[in-house]
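Engineer: Below is protein.tsv; it holds TSV, C-alpha atoms.
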chain	number	residue	atom	x	y	z
N	1	MET	CA	56.19	175.66	-69.15
N	2	SER	CA	55.93	177.48	-72.42
N	3	ALA	CA	58.17	176.79	-75.40
N	4	ARG	CA	60.65	179.35	-73.98
N	5	GLY	CA	60.64	177.71	-70.58
N	6	SER	CA	58.67	180.34	-68.69
N	7	PRO	CA	55.81	178.98	-66.64
N	8	SER	CA	52.35	180.33	-67.28
N	9	SER	CA	50.87	182.42	-64.49
N	10	SER	CA	47.43	180.84	-64.03
N	11	THR	CA	46.65	179.27	-60.66
N	12	ALA	CA	44.36	176.56	-59.36
N	13	GLY	CA	43.30	176.01	-55.75
N	14	SER	CA	44.88	173.06	-54.00
N	15	ARG	CA	44.25	172.15	-50.38
N	16	GLY	CA	43.83	175.81	-49.46
N	17	ASN	CA	46.91	177.06	-51.34
N	18	GLN	CA	47.36	178.06	-54.95
N	19	VAL	CA	49.18	175.88	-57.48
N	20	ARG	CA	50.26	177.48	-60.73
N	21	LEU	CA	48.88	176.01	-63.93
N	22	VAL	CA	51.95	175.58	-66.10
N	23	ASP	CA	52.14	174.58	-69.75
N	24	CYS	CA	52.26	170.93	-70.76
N	25	PRO	CA	55.94	170.02	-71.23
N	26	LYS	CA	55.13	168.10	-74.42
N	27	CYS	CA	52.42	170.22	-76.09
N	28	GLY	CA	53.13	173.70	-74.71
N	29	VAL	CA	49.47	174.40	-73.86
N	30	PRO	CA	48.25	175.25	-70.34
N	31	VAL	CA	47.28	172.20	-68.28
N	32	VAL	CA	43.78	171.98	-66.84
N	33	LYS	CA	42.59	170.96	-63.39
N	34	ILE	CA	39.92	168.24	-63.36
N	35	ARG	CA	37.98	166.36	-60.70
N	36	SER	CA	37.87	162.60	-61.15
N	37	LYS	CA	34.58	160.81	-61.67
N	38	GLN	CA	36.22	157.36	-61.76
N	39	ARG	CA	35.22	155.01	-58.96
N	40	GLU	CA	38.79	154.45	-57.70
N	41	THR	CA	39.67	158.16	-57.54
N	42	TYR	CA	36.26	159.83	-57.27
N	43	GLY	CA	36.46	163.47	-56.19
N	44	GLN	CA	40.26	163.69	-56.39
N	45	PHE	CA	41.86	166.46	-58.43
N	46	PHE	CA	44.18	165.84	-61.36
N	47	PHE	CA	46.10	168.14	-63.65
N	48	LYS	CA	46.31	167.11	-67.30
N	49	CYS	CA	47.07	168.34	-70.76
N	50	PRO	CA	43.87	169.15	-72.64
N	51	ASN	CA	45.31	167.02	-75.46
N	52	ASN	CA	45.27	163.95	-73.17
N	53	ILE	CA	42.30	161.82	-74.22
N	54	ARG	CA	41.80	159.01	-71.71
N	55	GLU	CA	41.32	156.00	-73.97
N	56	ASP	CA	43.47	157.21	-76.89
N	57	LEU	CA	47.12	156.24	-76.34
N	58	ARG	CA	48.17	158.28	-79.38
N	59	THR	CA	47.41	161.55	-77.56
N	60	CYS	CA	49.54	163.42	-75.01
N	61	ARG	CA	49.98	161.33	-71.85
N	62	PHE	CA	50.61	164.22	-69.42
N	63	ILE	CA	48.39	163.74	-66.36
N	64	ARG	CA	49.37	164.07	-62.71
N	65	SER	CA	47.57	163.59	-59.41
N	66	GLU	CA	47.35	166.72	-57.28
N	67	LYS	CA	50.34	165.66	-55.18
N	68	GLU	CA	52.43	164.67	-58.22
N	69	TYR	CA	51.57	167.96	-59.94
N	70	GLU	CA	52.55	170.04	-56.89
N	71	SER	CA	55.89	168.21	-56.83
N	72	TYR	CA	56.30	168.75	-60.59
N	73	VAL	CA	55.72	172.52	-60.25
N	74	ARG	CA	58.13	172.73	-57.29
N	75	GLY	CA	60.71	170.98	-59.48
N	76	LEU	CA	60.21	173.55	-62.24
N	77	GLU	CA	60.63	176.37	-59.75
N	78	THR	CA	63.80	174.80	-58.31
N	79	LYS	CA	65.20	174.29	-61.81
N	80	ALA	CA	64.57	177.96	-62.66
N	81	ILE	CA	66.37	179.06	-59.47
N	82	VAL	CA	69.36	176.76	-60.12
N	83	GLU	CA	69.64	177.85	-63.75
N	84	GLY	CA	69.54	181.48	-62.69
N	85	GLN	CA	72.30	180.94	-60.13
N	86	CYS	CA	74.46	178.91	-62.52
N	87	PHE	CA	74.43	181.48	-65.27
N	88	ALA	CA	74.72	184.47	-62.93
N	89	ASP	CA	78.10	183.16	-61.77
N	90	GLY	CA	80.97	184.29	-64.00
N	91	ASN	CA	82.94	181.06	-63.52
N	92	ASP	CA	83.10	179.03	-66.77
N	93	LEU	CA	83.74	175.77	-64.89
N	94	VAL	CA	80.59	176.28	-62.79
N	95	ARG	CA	78.57	177.07	-65.93
N	96	TRP	CA	79.90	173.96	-67.68
N	97	GLN	CA	79.08	171.79	-64.64
N	98	CYS	CA	75.60	173.30	-64.41
N	99	VAL	CA	74.92	172.65	-68.09
N	100	GLU	CA	76.18	169.09	-67.71
N	101	LEU	CA	73.95	168.53	-64.66
N	102	MET	CA	70.93	170.03	-66.44
N	103	GLN	CA	71.51	167.74	-69.42
N	104	GLU	CA	71.73	164.69	-67.13
N	105	THR	CA	68.63	165.86	-65.27
N	106	GLY	CA	66.81	166.26	-68.58
N	107	LYS	CA	67.71	162.71	-69.61
N	108	MET	CA	66.56	161.32	-66.26
N	109	LYS	CA	63.33	163.32	-66.49
N	110	GLN	CA	62.64	161.84	-69.91
N	111	GLN	CA	63.21	158.35	-68.51
N	112	ILE	CA	60.84	159.09	-65.62
N	113	ASP	CA	58.22	160.52	-67.99
N	114	MET	CA	58.48	157.39	-70.15
N	115	ALA	CA	58.14	155.19	-67.06
N	116	LEU	CA	55.12	157.21	-65.88
N	117	ALA	CA	53.54	156.92	-69.31
N	118	GLU	CA	54.10	153.16	-69.25
N	119	ILE	CA	52.60	152.96	-65.75
N	120	GLY	CA	49.59	154.89	-67.06
N	121	ASN	CA	49.27	152.44	-69.95
N	122	LEU	CA	49.48	149.49	-67.56
N	123	LYS	CA	46.83	151.04	-65.29
N	124	MET	CA	44.55	151.44	-68.31
N	125	GLN	CA	45.16	147.82	-69.35
N	126	ILE	CA	44.39	146.63	-65.81
N	127	SER	CA	41.18	148.66	-65.81
N	128	GLU	CA	40.19	147.15	-69.16
N	129	MET	CA	40.97	143.65	-67.87
N	130	LYS	CA	38.80	144.29	-64.79
N	131	GLN	CA	35.94	145.37	-67.06
N	132	GLU	CA	36.38	142.25	-69.18
N	133	LYS	CA	36.46	140.12	-66.04
N	134	LYS	CA	33.19	141.67	-64.85
N	135	ALA	CA	31.60	141.08	-68.26
N	136	ASN	CA	32.80	137.46	-68.30
N	137	PHE	CA	31.49	136.93	-64.77
N	138	MET	CA	28.08	138.23	-65.86
N	139	HIS	CA	28.07	135.85	-68.85
N	140	VAL	CA	29.04	132.91	-66.64
N	141	SER	CA	26.38	133.89	-64.08
N	142	VAL	CA	23.68	134.03	-66.76
N	143	ALA	CA	24.81	130.69	-68.20
N	144	LEU	CA	24.90	129.13	-64.73
N	145	ALA	CA	21.44	130.45	-63.93
N	146	GLY	CA	20.19	129.00	-67.22
N	147	CYS	CA	21.71	125.60	-66.38
N	148	VAL	CA	20.16	125.64	-62.91
N	149	GLY	CA	16.82	126.48	-64.49
N	150	VAL	CA	17.12	123.55	-66.90
N	151	VAL	CA	18.07	121.15	-64.07
N	152	VAL	CA	15.15	122.37	-61.91
N	153	GLY	CA	12.82	121.98	-64.88
N	154	MET	CA	14.06	118.46	-65.52
N	155	LEU	CA	13.59	117.56	-61.83
N	156	VAL	CA	10.04	118.93	-61.82
N	157	LEU	CA	9.23	116.96	-64.98
N	158	ALA	CA	10.73	113.81	-63.48
N	159	MET	CA	8.63	114.23	-60.32
N	160	LEU	CA	5.44	114.80	-62.35
N	161	LYS	CA	5.87	111.54	-64.27
Go through the file and emit its structure as structure tokens.

Structural biologist:
Amino acid sequence: MSARGSPSSSTAGSRGNQVRLVDCPKCGVPVVKIRSKQRETYGQFFFKCPNNIREDLRTCRFIRSEKEYESYVRGLETKAIVEGQCFADGNDLVRWQCVELMQETGKMKQQIDMALAEIGNLKMQISEMKQEKKANFMHVSVALAGCVGVVVGMLVLAMLK
């Protein structure tokens, strides 16, 4: 979505159908479609803000899997339809209720976005912990191999005496 709320018109292929590339809701720049090179998600498509830098938590956190992004775009389209219907109706009560519902929806969306960002942060922390665990395992393996070597050496010396 752009700053005025109108989605951009670019498209990206998705499972044989086209998915529009909309603007990042936080930065207002068009999202990009990327293919994962990470072991856990290799080959899968993601849609992210170009301002989202993987290891830098200070940057934009907008990134969605292909399925999440398709759902996100459908939600934007539904919102545009509902807003159009609400404000086309001349009834002030209906308009007021629509505005109230949109405000509540906006608050809930912010809460969901914050939760998704936190989940992303937790995933990154888990990944970092896995890397540390692998590094620690390698250190322990090297130390253990060294100890075994020393014990074998001591046994050989004891047998030669």

Engineer: Take CA of Ile34 in chain N and CA of Gly106 in chain N and report the distance between them in Å, one decimal.

Structural biologist: 27.5 Å

Engineer: Any idea what the distance is between CA of Asn52 in chain N and CA of Met102 in chain N?

Structural biologist: 27.2 Å

Engineer: If you measure from CA of Gly120 in chain N to CA of Gly43 in chain N, what distance in Å do you get, rounded to one decimal?

Structural biologist: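 Distance between the two atoms: 19.1 Å.
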
Engineer: Considering only C-alpha atoms, state which residue in the set N:Leu21, N:Lys130, N:Thr59, N:Cys27 is at the smallest distance from Phe47 in chain N.

Structural biologist: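 Closest to Phe47 in chain N of all the choices is N:Leu21.
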
Engineer: Looking at N:Thr78, N:Thr41, N:Leu116, N:Gln110, which one is nearest to Arg61 in chain N, with distances taken over all atoms listed in the file?

Structural biologist: N:Leu116

Engineer: Could you add whatever atoms are missing so that range 128-139 of chain N carries all heavy atoms, then write the result as a compact mmCIF listing (two decimals), keeping the file's coordinate frame?

Structural biologist:
# COMPACT_ATOMS: atom_id res chain seq x y z
N GLU N 128 40.90 147.85 -68.09
CA GLU N 128 40.19 147.15 -69.16
C GLU N 128 40.02 145.67 -68.83
O GLU N 128 38.96 145.09 -69.09
CB GLU N 128 40.94 147.32 -70.48
CG GLU N 128 40.87 148.73 -71.03
CD GLU N 128 41.83 148.96 -72.19
OE1 GLU N 128 42.59 148.04 -72.56
OE2 GLU N 128 41.81 150.08 -72.73
N MET N 129 41.05 145.06 -68.23
CA MET N 129 40.97 143.65 -67.87
C MET N 129 39.92 143.44 -66.78
O MET N 129 39.19 142.44 -66.80
CB MET N 129 42.34 143.14 -67.40
CG MET N 129 43.35 143.02 -68.55
SD MET N 129 45.04 142.73 -68.01
CE MET N 129 44.92 141.19 -67.19
N LYS N 130 39.83 144.39 -65.84
CA LYS N 130 38.80 144.29 -64.79
C LYS N 130 37.41 144.36 -65.41
O LYS N 130 36.52 143.62 -65.00
CB LYS N 130 38.97 145.42 -63.77
CG LYS N 130 40.12 145.23 -62.82
CD LYS N 130 40.20 146.39 -61.84
CE LYS N 130 41.34 146.25 -60.87
NZ LYS N 130 41.43 147.42 -59.97
N GLN N 131 37.24 145.25 -66.39
CA GLN N 131 35.94 145.37 -67.06
C GLN N 131 35.60 144.09 -67.80
O GLN N 131 34.46 143.62 -67.76
CB GLN N 131 35.94 146.56 -68.03
CG GLN N 131 36.04 147.92 -67.35
CD GLN N 131 34.88 148.19 -66.44
OE1 GLN N 131 33.75 147.79 -66.69
NE2 GLN N 131 35.14 148.89 -65.34
N GLU N 132 36.60 143.51 -68.48
CA GLU N 132 36.38 142.25 -69.18
C GLU N 132 36.03 141.14 -68.20
O GLU N 132 35.16 140.31 -68.46
CB GLU N 132 37.62 141.86 -69.98
CG GLU N 132 37.88 142.72 -71.20
CD GLU N 132 39.19 142.37 -71.89
OE1 GLU N 132 39.75 141.28 -71.65
OE2 GLU N 132 39.64 143.21 -72.68
N LYS N 133 36.72 141.13 -67.05
CA LYS N 133 36.46 140.12 -66.04
C LYS N 133 35.02 140.23 -65.52
O LYS N 133 34.34 139.22 -65.36
CB LYS N 133 37.45 140.28 -64.88
CG LYS N 133 37.36 139.22 -63.83
CD LYS N 133 38.43 139.43 -62.76
CE LYS N 133 38.32 138.41 -61.65
NZ LYS N 133 39.32 138.64 -60.61
N LYS N 134 34.57 141.46 -65.30
CA LYS N 134 33.19 141.67 -64.85
C LYS N 134 32.20 141.19 -65.91
O LYS N 134 31.21 140.54 -65.59
CB LYS N 134 32.93 143.16 -64.57
CG LYS N 134 33.55 143.65 -63.30
CD LYS N 134 33.27 145.13 -63.11
CE LYS N 134 33.99 145.70 -61.91
NZ LYS N 134 33.79 147.15 -61.79
N ALA N 135 32.49 141.50 -67.17
CA ALA N 135 31.60 141.08 -68.26
C ALA N 135 31.57 139.55 -68.36
O ALA N 135 30.50 138.95 -68.52
CB ALA N 135 32.06 141.69 -69.58
N ASN N 136 32.74 138.93 -68.25
CA ASN N 136 32.80 137.46 -68.30
C ASN N 136 32.06 136.84 -67.13
O ASN N 136 31.37 135.84 -67.28
CB ASN N 136 34.26 136.99 -68.31
CG ASN N 136 34.95 137.27 -69.61
OD1 ASN N 136 34.31 137.49 -70.64
ND2 ASN N 136 36.27 137.31 -69.59
N PHE N 137 32.19 137.44 -65.94
CA PHE N 137 31.49 136.93 -64.77
C PHE N 137 29.98 137.00 -64.99
O PHE N 137 29.26 136.07 -64.64
CB PHE N 137 31.87 137.74 -63.52
CG PHE N 137 31.14 137.31 -62.29
CD1 PHE N 137 31.50 136.14 -61.63
CD2 PHE N 137 30.08 138.05 -61.81
CE1 PHE N 137 30.83 135.73 -60.50
CE2 PHE N 137 29.39 137.65 -60.67
CZ PHE N 137 29.76 136.48 -60.02
N MET N 138 29.52 138.09 -65.59
CA MET N 138 28.08 138.23 -65.86
C MET N 138 27.63 137.15 -66.84
O MET N 138 26.57 136.55 -66.65
CB MET N 138 27.76 139.63 -66.40
CG MET N 138 27.95 140.73 -65.39
SD MET N 138 26.94 140.52 -63.91
CE MET N 138 25.33 140.78 -64.58
N HIS N 139 28.43 136.88 -67.88
CA HIS N 139 28.07 135.85 -68.85
C HIS N 139 28.00 134.47 -68.18
O HIS N 139 27.07 133.70 -68.42
CB HIS N 139 29.08 135.81 -69.99
CG HIS N 139 29.00 136.97 -70.94
ND1 HIS N 139 28.57 138.21 -70.57
CD2 HIS N 139 29.28 137.06 -72.26
CE1 HIS N 139 28.60 139.03 -71.59
NE2 HIS N 139 29.03 138.36 -72.64
